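Below is the file target38.cif, which contains mmCIF, C-alpha atoms and all ligand atoms.
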data_my_file
loop_
_atom_site.label_atom_id
_atom_site.label_comp_id
_atom_site.auth_asym_id
_atom_site.auth_seq_id
_atom_site.Cartn_x
_atom_site.Cartn_y
_atom_site.Cartn_z
CA MET A 407 0.00 0.00 0.00
CA GLU A 408 1.39 3.35 -0.96
CA ARG A 409 1.75 5.79 1.93
CA VAL A 410 0.12 9.15 1.82
CA GLU A 411 1.01 11.99 4.10
CA LYS A 412 -1.39 12.23 7.04
CA LYS A 413 -2.29 15.79 7.85
CA LEU A 414 -3.96 16.30 11.21
CA HIS A 415 -4.37 19.96 10.34
CA ARG A 416 -6.92 19.15 7.65
CA LEU A 417 -9.72 18.69 10.16
CA LYS A 418 -8.77 21.84 12.06
CA SER A 419 -9.07 24.41 9.31
CA ASN A 420 -12.26 26.12 10.43
CA GLN A 421 -14.53 26.49 13.45
CA ILE A 422 -17.40 24.48 11.95
CA LEU A 423 -15.08 21.56 11.33
CA ARG A 424 -13.53 21.85 14.80
CA ASP A 425 -17.03 21.84 16.35
CA LEU A 426 -17.95 18.81 14.27
CA CYS A 427 -14.86 17.00 15.51
CA SER A 428 -15.19 17.87 19.20
CA GLU A 429 -15.60 14.55 20.95
CA THR A 430 -16.94 15.42 24.36
CA ASN A 431 -20.32 16.95 23.67
CA PHE A 432 -23.31 16.19 21.51
CA SER A 433 -25.11 19.06 19.89
CA VAL A 434 -26.44 20.37 16.61
CA SER A 435 -22.76 20.86 15.58
CA HIS A 436 -22.55 17.10 15.13
CA PHE A 437 -25.36 16.85 12.58
CA VAL A 438 -25.18 16.90 8.81
CA GLN A 439 -28.23 17.74 6.68
CA PRO A 440 -28.51 16.21 3.17
CA VAL A 441 -29.59 18.58 0.37
CA PHE A 442 -30.75 17.45 -3.08
CA VAL A 443 -30.39 19.64 -6.15
CA ASN A 444 -31.68 18.55 -9.55
CA GLU A 445 -31.14 20.39 -12.80
CA SER A 446 -34.66 19.57 -14.04
CA ILE A 447 -36.45 20.96 -11.00
CA ILE A 448 -38.16 24.35 -10.91
CA ASN A 449 -40.40 24.12 -7.84
CA ASN A 450 -39.37 22.10 -4.78
CA GLU A 451 -40.67 18.52 -4.83
CA GLU A 452 -41.09 16.73 -1.52
CA ILE A 453 -39.27 13.39 -1.39
CA LEU A 454 -41.64 10.52 -0.88
CA GLY A 455 -41.39 9.33 2.71
CA LEU A 456 -38.89 12.00 3.83
CA LYS A 457 -41.03 14.60 5.53
CA ASP A 458 -39.84 18.19 4.91
CA ASN A 459 -37.04 17.08 2.57
CA PHE A 460 -37.18 18.27 -1.03
CA VAL A 461 -35.49 17.92 -4.36
CA MET A 462 -34.70 21.51 -5.26
CA SER A 463 -33.36 23.95 -7.82
CA ILE A 464 -30.23 25.93 -6.96
CA GLU A 465 -32.39 28.85 -5.76
CA GLY A 466 -34.57 26.49 -3.72
CA SER A 467 -31.53 24.94 -2.06
CA ILE A 468 -30.15 28.36 -1.12
CA LYS A 469 -33.45 29.28 0.58
CA GLN A 470 -33.49 25.93 2.36
CA ILE A 471 -29.91 26.22 3.61
CA ASP A 472 -30.60 29.75 4.79
CA SER A 473 -33.51 28.57 6.90
CA ASP A 474 -31.49 25.56 8.16
CA ILE A 475 -28.67 27.85 9.29
CA ALA A 476 -31.24 29.65 11.45
CA LYS A 477 -31.91 26.23 12.99
CA GLY A 478 -28.28 25.76 13.88
CA VAL A 479 -27.21 23.45 11.05
CA ARG A 480 -23.74 24.17 9.67
CA ASN A 481 -22.92 20.98 7.78
CA PHE A 482 -24.71 20.12 4.53
CA LEU A 483 -24.21 17.06 2.36
CA LEU A 484 -24.97 17.89 -1.24
CA PHE A 485 -26.36 15.46 -3.82
CA ILE A 486 -26.51 16.81 -7.35
CA SER A 487 -28.43 15.28 -10.27
CA PRO A 488 -27.74 16.61 -13.76
CA GLN A 489 -30.33 16.50 -16.55
CA LYS A 490 -28.10 14.60 -18.94
CA LYS A 491 -26.73 11.12 -18.16
CA SER A 492 -23.97 9.31 -20.02
CA SER A 493 -22.06 6.03 -20.00
CA LYS A 494 -18.57 7.51 -20.20
CA SER A 495 -17.93 11.23 -20.50
CA PHE A 496 -19.44 13.50 -17.92
CA ASN A 497 -20.16 17.18 -18.05
CA LEU A 498 -19.81 18.64 -14.57
CA GLY A 499 -20.86 22.18 -15.44
CA PHE A 500 -24.11 22.02 -13.51
CA HIS A 501 -22.41 20.41 -10.50
CA GLN A 502 -19.83 23.17 -10.35
CA LYS A 503 -22.52 25.81 -10.67
CA VAL A 504 -24.50 24.35 -7.75
CA ILE A 505 -21.45 24.17 -5.50
CA SER A 506 -20.09 27.60 -6.35
CA SER A 507 -23.52 29.26 -6.07
CA ILE A 508 -24.08 27.83 -2.60
CA LYS A 509 -20.57 28.66 -1.42
CA GLU A 510 -20.74 32.18 -2.83
CA GLU A 511 -23.95 32.73 -0.89
CA PHE A 512 -22.90 31.29 2.46
CA LYS A 513 -19.09 31.41 2.33
CA ASP A 514 -17.59 30.05 5.54
CA ASP A 515 -20.89 30.04 7.45
CA ILE A 516 -21.32 26.44 6.32
CA ASN A 517 -19.26 23.39 5.53
CA LEU A 518 -20.43 22.03 2.23
CA TRP A 519 -19.90 18.29 1.89
CA THR A 520 -20.27 16.86 -1.59
CA ASP A 521 -21.22 13.26 -2.26
CA VAL A 522 -18.82 11.99 -4.92
CA CYS A 523 -20.21 9.12 -6.97
CA LEU A 524 -21.03 8.21 -10.55
CA CYS A 525 -24.54 6.83 -9.97
CA SER A 526 -26.41 10.09 -10.62
CA LEU A 527 -24.30 10.73 -13.75
CA THR A 528 -24.32 7.35 -15.48
CA ASP A 529 -27.17 6.36 -17.79
CA HIS A 530 -27.23 2.90 -16.15
CA GLY A 531 -27.29 4.29 -12.60
CA HIS A 532 -24.31 2.31 -11.32
CA CYS A 533 -21.52 3.84 -9.24
CA CYS A 534 -18.85 2.73 -11.75
CA LEU A 535 -17.99 2.43 -15.42
CA PHE A 536 -18.11 -0.94 -17.13
CA ASP A 537 -15.84 -2.42 -19.78
CA ASN A 538 -17.10 -4.21 -22.87
CA ASN A 539 -17.62 -7.43 -20.86
CA GLN A 540 -19.86 -5.66 -18.34
CA SER A 541 -17.13 -5.96 -15.68
CA ILE A 542 -16.22 -2.96 -13.51
CA ASP A 543 -13.62 -0.88 -15.35
CA LEU A 544 -11.76 0.11 -12.21
CA ASP A 545 -8.98 2.20 -13.73
CA ASN A 546 -11.32 4.45 -15.66
CA THR A 547 -13.81 4.56 -12.78
CA LEU A 548 -11.10 5.80 -10.40
CA LYS A 549 -9.99 8.37 -12.95
CA GLU A 550 -13.53 9.72 -13.32
CA ILE A 551 -14.25 9.70 -9.59
CA SER A 552 -11.00 11.54 -8.88
CA ASN A 553 -11.79 14.11 -11.58
CA ILE A 554 -15.23 14.65 -10.09
CA ALA A 555 -13.71 15.13 -6.63
CA LEU A 556 -11.22 17.61 -8.06
CA SER A 557 -13.88 19.61 -9.88
CA TYR A 558 -15.98 19.77 -6.69
CA ALA A 559 -12.94 20.98 -4.76
CA GLU A 560 -12.26 23.60 -7.42
CA ALA A 561 -15.88 24.77 -7.25
CA GLY A 562 -15.53 25.29 -3.50
CA SER A 563 -16.66 22.07 -1.81
CA ASP A 564 -15.33 21.93 1.75
CA ILE A 565 -15.45 18.18 2.26
CA ILE A 566 -15.13 15.44 -0.33
CA ALA A 567 -17.31 12.42 0.48
CA PRO A 568 -16.85 9.48 -1.89
CA SER A 569 -19.77 7.03 -1.66
CA ASP A 570 -19.02 4.69 -4.57
CA MET A 571 -17.25 1.84 -2.69
CA MET A 572 -14.70 1.33 -5.45
CA ASP A 573 -11.38 -0.24 -4.42
CA GLY A 574 -8.68 2.39 -4.16
CA ARG A 575 -10.82 5.48 -4.60
CA THR A 576 -9.76 7.25 -1.42
CA LEU A 577 -6.06 6.99 -2.34
CA SER A 578 -6.73 8.02 -5.92
CA ILE A 579 -8.75 11.07 -4.83
CA ARG A 580 -6.18 12.03 -2.16
CA LYS A 581 -3.34 11.98 -4.67
CA THR A 582 -5.35 13.93 -7.25
CA LEU A 583 -6.27 16.61 -4.70
CA ASP A 584 -2.73 16.83 -3.34
CA ASN A 585 -1.28 17.22 -6.84
CA LYS A 586 -3.58 20.17 -7.49
CA LYS A 587 -2.84 22.05 -4.28
CA PHE A 588 -5.90 20.80 -2.40
CA SER A 589 -3.87 18.99 0.23
CA MET A 590 -5.99 20.63 2.98
CA LYS A 591 -9.35 19.35 1.66
CA PRO A 592 -10.62 16.61 3.97
CA ILE A 593 -11.92 13.35 2.58
CA VAL A 594 -14.76 11.77 4.56
CA SER A 595 -15.16 8.34 2.99
CA TYR A 596 -18.32 6.32 3.09
CA SER A 597 -16.01 3.58 4.30
CA THR A 598 -18.35 0.87 5.56
CA LYS A 599 -21.34 1.03 3.26
CA PHE A 600 -23.60 -1.96 2.93
CA SER A 601 -25.65 -2.99 -0.03
CA SER A 602 -28.92 -2.15 1.68
CA ASN A 603 -32.66 -2.17 1.17
CA PHE A 604 -32.88 1.07 3.09
CA TYR A 605 -31.72 3.35 0.25
CA GLY A 606 -35.04 3.23 -1.59
CA PRO A 607 -36.39 6.77 -1.04
CA PHE A 608 -32.96 8.23 -1.79
CA ARG A 609 -32.67 6.55 -5.17
CA GLU A 610 -35.97 8.12 -6.19
CA ALA A 611 -34.78 11.52 -5.00
CA ALA A 612 -31.35 11.34 -6.64
CA SER A 613 -32.64 9.52 -9.73
CA SER A 614 -29.83 7.02 -9.24
CA ALA A 615 -31.49 3.58 -9.16
CA PRO A 616 -29.46 1.06 -11.21
CA SER A 617 -31.25 0.17 -14.46
CA PHE A 618 -29.96 -3.42 -14.27
CA GLY A 619 -28.65 -5.69 -11.51
CA ASP A 620 -27.84 -4.34 -8.07
CA ARG A 621 -24.87 -2.92 -6.22
CA LYS A 622 -23.76 -6.17 -4.55
CA GLN A 623 -20.61 -6.34 -6.67
CA TYR A 624 -19.16 -3.34 -4.87
CA GLN A 625 -21.21 -2.55 -1.75
CA LEU A 626 -20.74 -4.65 1.38
CA ASP A 627 -22.62 -7.80 2.37
CA TYR A 628 -24.50 -7.21 5.63
CA ARG A 629 -23.77 -10.77 6.73
CA SER A 630 -20.02 -10.14 6.99
CA LYS A 631 -18.51 -8.27 9.89
CA SER A 632 -14.80 -8.74 9.18
CA GLU A 633 -15.17 -7.47 5.63
CA ALA A 634 -17.12 -4.46 6.89
CA ILE A 635 -14.35 -3.57 9.33
CA ARG A 636 -11.67 -4.19 6.69
CA ALA A 637 -13.37 -1.78 4.28
CA SER A 638 -13.03 1.06 6.77
CA ILE A 639 -9.43 0.14 7.62
CA ARG A 640 -8.69 0.24 3.89
CA CYS A 641 -10.06 3.78 3.58
CA ALA A 642 -8.07 4.83 6.65
CA GLU A 643 -4.87 3.45 5.14
CA GLU A 644 -5.60 5.19 1.87
CA GLY A 645 -5.75 8.56 3.60
CA ALA A 646 -9.39 9.20 4.62
CA ASP A 647 -9.67 11.91 7.29
CA MET A 648 -12.92 10.59 8.76
CA LEU A 649 -14.94 7.45 8.20
CA MET A 650 -18.63 6.59 8.01
CA VAL A 651 -20.90 3.61 8.53
CA LYS A 652 -24.15 3.27 6.62
CA PRO A 653 -27.03 2.51 7.16
CA GLY A 654 -27.02 3.89 10.70
CA LEU A 655 -28.89 1.49 12.96
CA THR A 656 -27.86 -1.63 11.07
CA SER A 657 -24.18 -0.71 11.50
CA ILE A 658 -23.96 0.46 15.11
CA ASP A 659 -22.17 -2.70 16.21
CA LEU A 660 -19.20 -1.78 13.99
CA ILE A 661 -18.46 1.79 15.01
CA ASN A 662 -16.33 1.28 18.10
CA GLU A 663 -14.24 -1.45 16.57
CA ILE A 664 -13.54 0.71 13.51
CA ARG A 665 -12.63 3.63 15.78
CA GLU A 666 -10.27 1.47 17.80
CA LYS A 667 -8.62 -0.11 14.79
CA THR A 668 -8.11 3.12 12.83
CA ASN A 669 -7.99 5.87 15.47
CA LEU A 670 -10.20 7.88 13.13
CA MET A 671 -13.57 9.40 13.87
CA VAL A 672 -16.52 7.49 12.52
CA GLY A 673 -19.90 8.97 11.66
CA SER A 674 -23.24 7.31 11.17
CA TYR A 675 -25.60 7.92 8.23
CA GLN A 676 -29.27 7.48 9.11
CA VAL A 677 -30.29 6.64 5.55
CA SER A 678 -33.49 7.46 3.70
CA GLY A 679 -35.30 4.17 4.37
CA GLU A 680 -34.60 4.38 8.08
CA TYR A 681 -35.87 7.94 8.24
CA ALA A 682 -38.88 7.27 6.02
CA GLY A 683 -39.88 4.33 8.23
CA LEU A 684 -40.23 6.71 11.16
CA CYS A 685 -41.97 9.47 9.16
CA LEU A 686 -44.54 7.11 7.68
CA SER A 687 -45.18 5.47 11.05
CA GLU A 688 -45.87 8.86 12.55
CA GLU A 689 -48.19 9.69 9.67
CA LYS A 690 -50.20 6.59 10.60
CA GLY A 691 -50.26 7.65 14.25
CA LEU A 692 -48.02 4.77 15.31
CA LEU A 693 -45.22 6.73 16.95
CA ASN A 694 -43.88 10.19 17.67
CA LEU A 695 -41.31 11.18 15.06
CA ASN A 696 -39.23 13.59 17.12
CA GLU A 697 -39.04 11.28 20.12
CA SER A 698 -38.11 8.31 17.93
CA LEU A 699 -35.45 10.33 16.12
CA LYS A 700 -34.00 11.45 19.43
CA GLU A 701 -33.76 7.83 20.51
CA THR A 702 -32.01 6.68 17.33
CA TRP A 703 -29.53 9.58 17.44
CA HIS A 704 -28.60 8.91 21.06
CA VAL A 705 -28.14 5.24 20.26
CA MET A 706 -25.82 6.08 17.36
CA ARG A 707 -23.87 8.41 19.59
CA ARG A 708 -23.77 5.80 22.37
CA ALA A 709 -22.38 3.35 19.86
CA GLY A 710 -19.53 5.80 19.13
CA ALA A 711 -20.73 7.94 16.21
CA GLN A 712 -18.83 11.24 16.02
CA TYR A 713 -21.28 12.86 13.63
CA ILE A 714 -24.73 11.93 12.35
CA ILE A 715 -26.00 12.48 8.84
CA THR A 716 -29.78 12.58 8.99
CA TYR A 717 -32.73 14.02 7.08
CA GLY A 718 -33.85 15.45 10.41
CA ALA A 719 -30.71 17.49 11.17
CA ARG A 720 -32.77 20.67 10.84
CA LEU A 721 -35.03 19.46 13.67
CA ALA A 722 -32.18 18.77 16.10
CA LYS A 723 -31.88 22.21 17.67
CA GLU A 724 -35.57 22.57 18.49
CA MET A 725 -35.40 19.08 19.97
CA GLY A 726 -32.77 20.29 22.42
CA PHE A 727 -29.50 19.29 20.75
C1 LIG A 801 -24.76 7.19 -3.87
C2 LIG A 801 -25.42 7.21 -2.53
C3 LIG A 801 -26.50 6.46 -2.04
C4 LIG A 801 -26.80 6.95 -0.77
C5 LIG A 801 -25.87 7.95 -0.50
N1 LIG A 801 -25.01 8.09 -1.58
C6 LIG A 801 -27.32 5.42 -2.72
C7 LIG A 801 -26.74 4.11 -3.05
O1 LIG A 801 -25.57 3.84 -2.80
O2 LIG A 801 -27.46 3.34 -3.65
C8 LIG A 801 -27.93 6.49 0.08
C9 LIG A 801 -28.44 7.52 1.06
C10 LIG A 801 -29.79 7.26 1.63
O3 LIG A 801 -30.47 6.26 1.35
O4 LIG A 801 -30.23 8.10 2.43
N2 LIG A 801 -23.95 6.11 -4.14
#

Transcribe the structure of this file into C-alpha cells.
Amino acid sequence: MERVEKKLHRLKSNQILRDLCSETNFSVSHFVQPVFVNESIINNEEILGLKDNFVMSIEGSIKQIDSDIAKGVRNFLLFISPQKKSSKSFNLGFHQKVISSIKEEFKDDINLWTDVCLCSLTDHGHCCLFDNNQSIDLDNTLKEISNIALSYAEAGSDIIAPSDMMDGRTLSIRKTLDNKKFSMKPIVSYSTKFSSNFYGPFREAASSAPSFGDRKQYQLDYRSKSEAIRASIRCAEEGADMLMVKPGLTSIDLINEIREKTNLMVGSYQVSGEYAGLCLSEEKGLLNLNESLKETWHVMRRAGAQYIITYGARLAKEMGF
C-alpha cells in the first residue's frame, strides 16, 4: 500500500469543522443535513417518505440552507443530479454551478460536503464504469471519480465524500487533490457502506437507481462483519480523514471497533429508508417522530458515532441538541 502523508491539520481548518470534531459533547454541531439539487427541478418537490425534505433547484436549495442555518445546522451534504446522463464522458458544469452558487452565498458560514459518486451521472445508474464485458472498469472509474472530486474541490466544496465503494478510490482522490494544491481538503469516505434495502427513497430523489442488476458487486454484504471492518481500515490506510458507517442502525455494532482499529472518527448515516420508516409510522399515528429520532440519534452516539448524517438534522436544535 502506498503511503500518503497524514495531515492532522486538515480537520482543524475552520470552526465548523472543529465543532464537528469535538468529541466530548453532543449538539447540533454534530449533525449533517442532506440537500438534493436537480437540474430539471423548478419548484421544490417533496421526497416521498422523507417529511420536509425536497429535491430543489439551486435557488430552492439556497433558501433551504438559509432557513437551516437559522436552525443551527452548519454541515450540509450535497447530492446533485444533472439532466443529462452518459455512460462515459461526464459534463460537470451544472455540478460546479451548484457548489459555487451555494458557497458564494454562504461562504464560511457552512461546511459544504459533496457526495462523490457516478450513480447520478451514469445512464445505467451504477456507481462505476463498465468495460465491454460488463465488468467494472476500475482504472477508468477511479480516474472519473478523482476528476469529479477535483472539480468539486475547485468549485468550493469543503469536504469530499466518496460514496461509490470502489477499491482504491480514497487513495486516488487524495493523490489527485494533493497534486492540485488541495492537500488541505478533507476526505470523509463512506467507508463501511452496505448494499442495503434502506436506500429506496434516496434513489428516487437522486434519480440514481441502477437500471440493471444491483450494487452487490461493490457494496458490502450485511452478513459479513470482518469485511465491513476491513473496508473502513482500507479507507483509513488510503488517507481518509474521517470514516462513516451506513445505514445507521444496522451498522452500530461496527463503530467502536472501527474507531479502535483506525484511530479515526466514525460517523453514522441514518439513511433514507430508516428515516422514512419513522416518518410514515408517525403519519399513521403509530409513533412520535421527534421522540423516535432522538432515541435513534442517542443510540448512534452511544455506539460511538462522532457525527450523524440525517434528514432530520434541521429538527435537532428545536429538539434540544
Ligand atoms: C450514492 C449514494 C446512495 C446513498 C448515499 N449516496 C445510494 C446508493 O448507494 O445506492 C444512500 C443515502 C440514503 O439512502 O439516504 N452512491

- Message: Give me, as a ChimeraX atom specification, the set of residues whose atoms come within 7 Å of any atom of ligand LIG 801 (chain A), counting all atoms listed in the file.
- Response: /A:521,523,525,533,569-570,604-609,615,676-679

Would you output that residue set with C-alpha atoms, as a PDB file, in the frame of the given file?
ATOM      1  CA  ASP A 521     -21.220  13.260  -2.260  1.00  0.00           C
ATOM      2  CA  CYS A 523     -20.210   9.120  -6.970  1.00  0.00           C
ATOM      3  CA  CYS A 525     -24.540   6.830  -9.970  1.00  0.00           C
ATOM      4  CA  CYS A 533     -21.520   3.840  -9.240  1.00  0.00           C
ATOM      5  CA  SER A 569     -19.770   7.030  -1.660  1.00  0.00           C
ATOM      6  CA  ASP A 570     -19.020   4.690  -4.570  1.00  0.00           C
ATOM      7  CA  PHE A 604     -32.880   1.070   3.090  1.00  0.00           C
ATOM      8  CA  TYR A 605     -31.720   3.350   0.250  1.00  0.00           C
ATOM      9  CA  GLY A 606     -35.040   3.230  -1.590  1.00  0.00           C
ATOM     10  CA  PRO A 607     -36.390   6.770  -1.040  1.00  0.00           C
ATOM     11  CA  PHE A 608     -32.960   8.230  -1.790  1.00  0.00           C
ATOM     12  CA  ARG A 609     -32.670   6.550  -5.170  1.00  0.00           C
ATOM     13  CA  ALA A 615     -31.490   3.580  -9.160  1.00  0.00           C
ATOM     14  CA  GLN A 676     -29.270   7.480   9.110  1.00  0.00           C
ATOM     15  CA  VAL A 677     -30.290   6.640   5.550  1.00  0.00           C
ATOM     16  CA  SER A 678     -33.490   7.460   3.700  1.00  0.00           C
ATOM     17  CA  GLY A 679     -35.300   4.170   4.370  1.00  0.00           C
TER      18      GLY A 679
END

- Residue with smallest distance to A:Arg575 - pool A:Gly645, A:Pro653, A:Gly710, A:Gly466, counting all atoms listed in the file: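 The shortest atom-to-atom distance to A:Arg575 comes from A:Gly645.
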
- Query: So how many Å separate atom CA of A:Gly531 and atom CA of A:Ser487, to one decimal?
  - Reply: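 The value is 11.3 Å.
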
- Neighbour list for stretch 655-672 of chain A as a PyMOL selection string, cut-off 7 Å, all atoms listed in the file, skip fewer than 2 positions in-chain: chain A and resi 635+638-639+642+648-653+674+706+709-712

- Counting all atoms listed in the file, the residue of A:Tyr558, A:Lys509, A:Ala722, A:Gly654 that sits nearest A:Val705: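 Going through A:Tyr558, A:Lys509, A:Ala722, A:Gly654 one by one, the smallest distance to A:Val705 is for A:Gly654.
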
- In Å, how far is it from atom CA of A:Asp537 to atom CA of A:Ile486?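 Interatomic distance here is 25.3 Å.
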
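Among the candidate residues A:Phe618, A:Glu697, A:Thr598, A:Ile453, the one lying nearest to A:Ser632 is A:Thr598, with distances computed using all atoms listed in the file.
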
- Nearest candidate to A:Asp472 (options A:Asp545, A:Asp515, A:Asp584, A:Glu411; using all atoms listed in the file): A:Asp515

- Query: What does the distance between atom CA of A:Ala719 and atom CA of A:Arg707 come to in Å, to one decimal place?
  - Reply: 14.1 Å
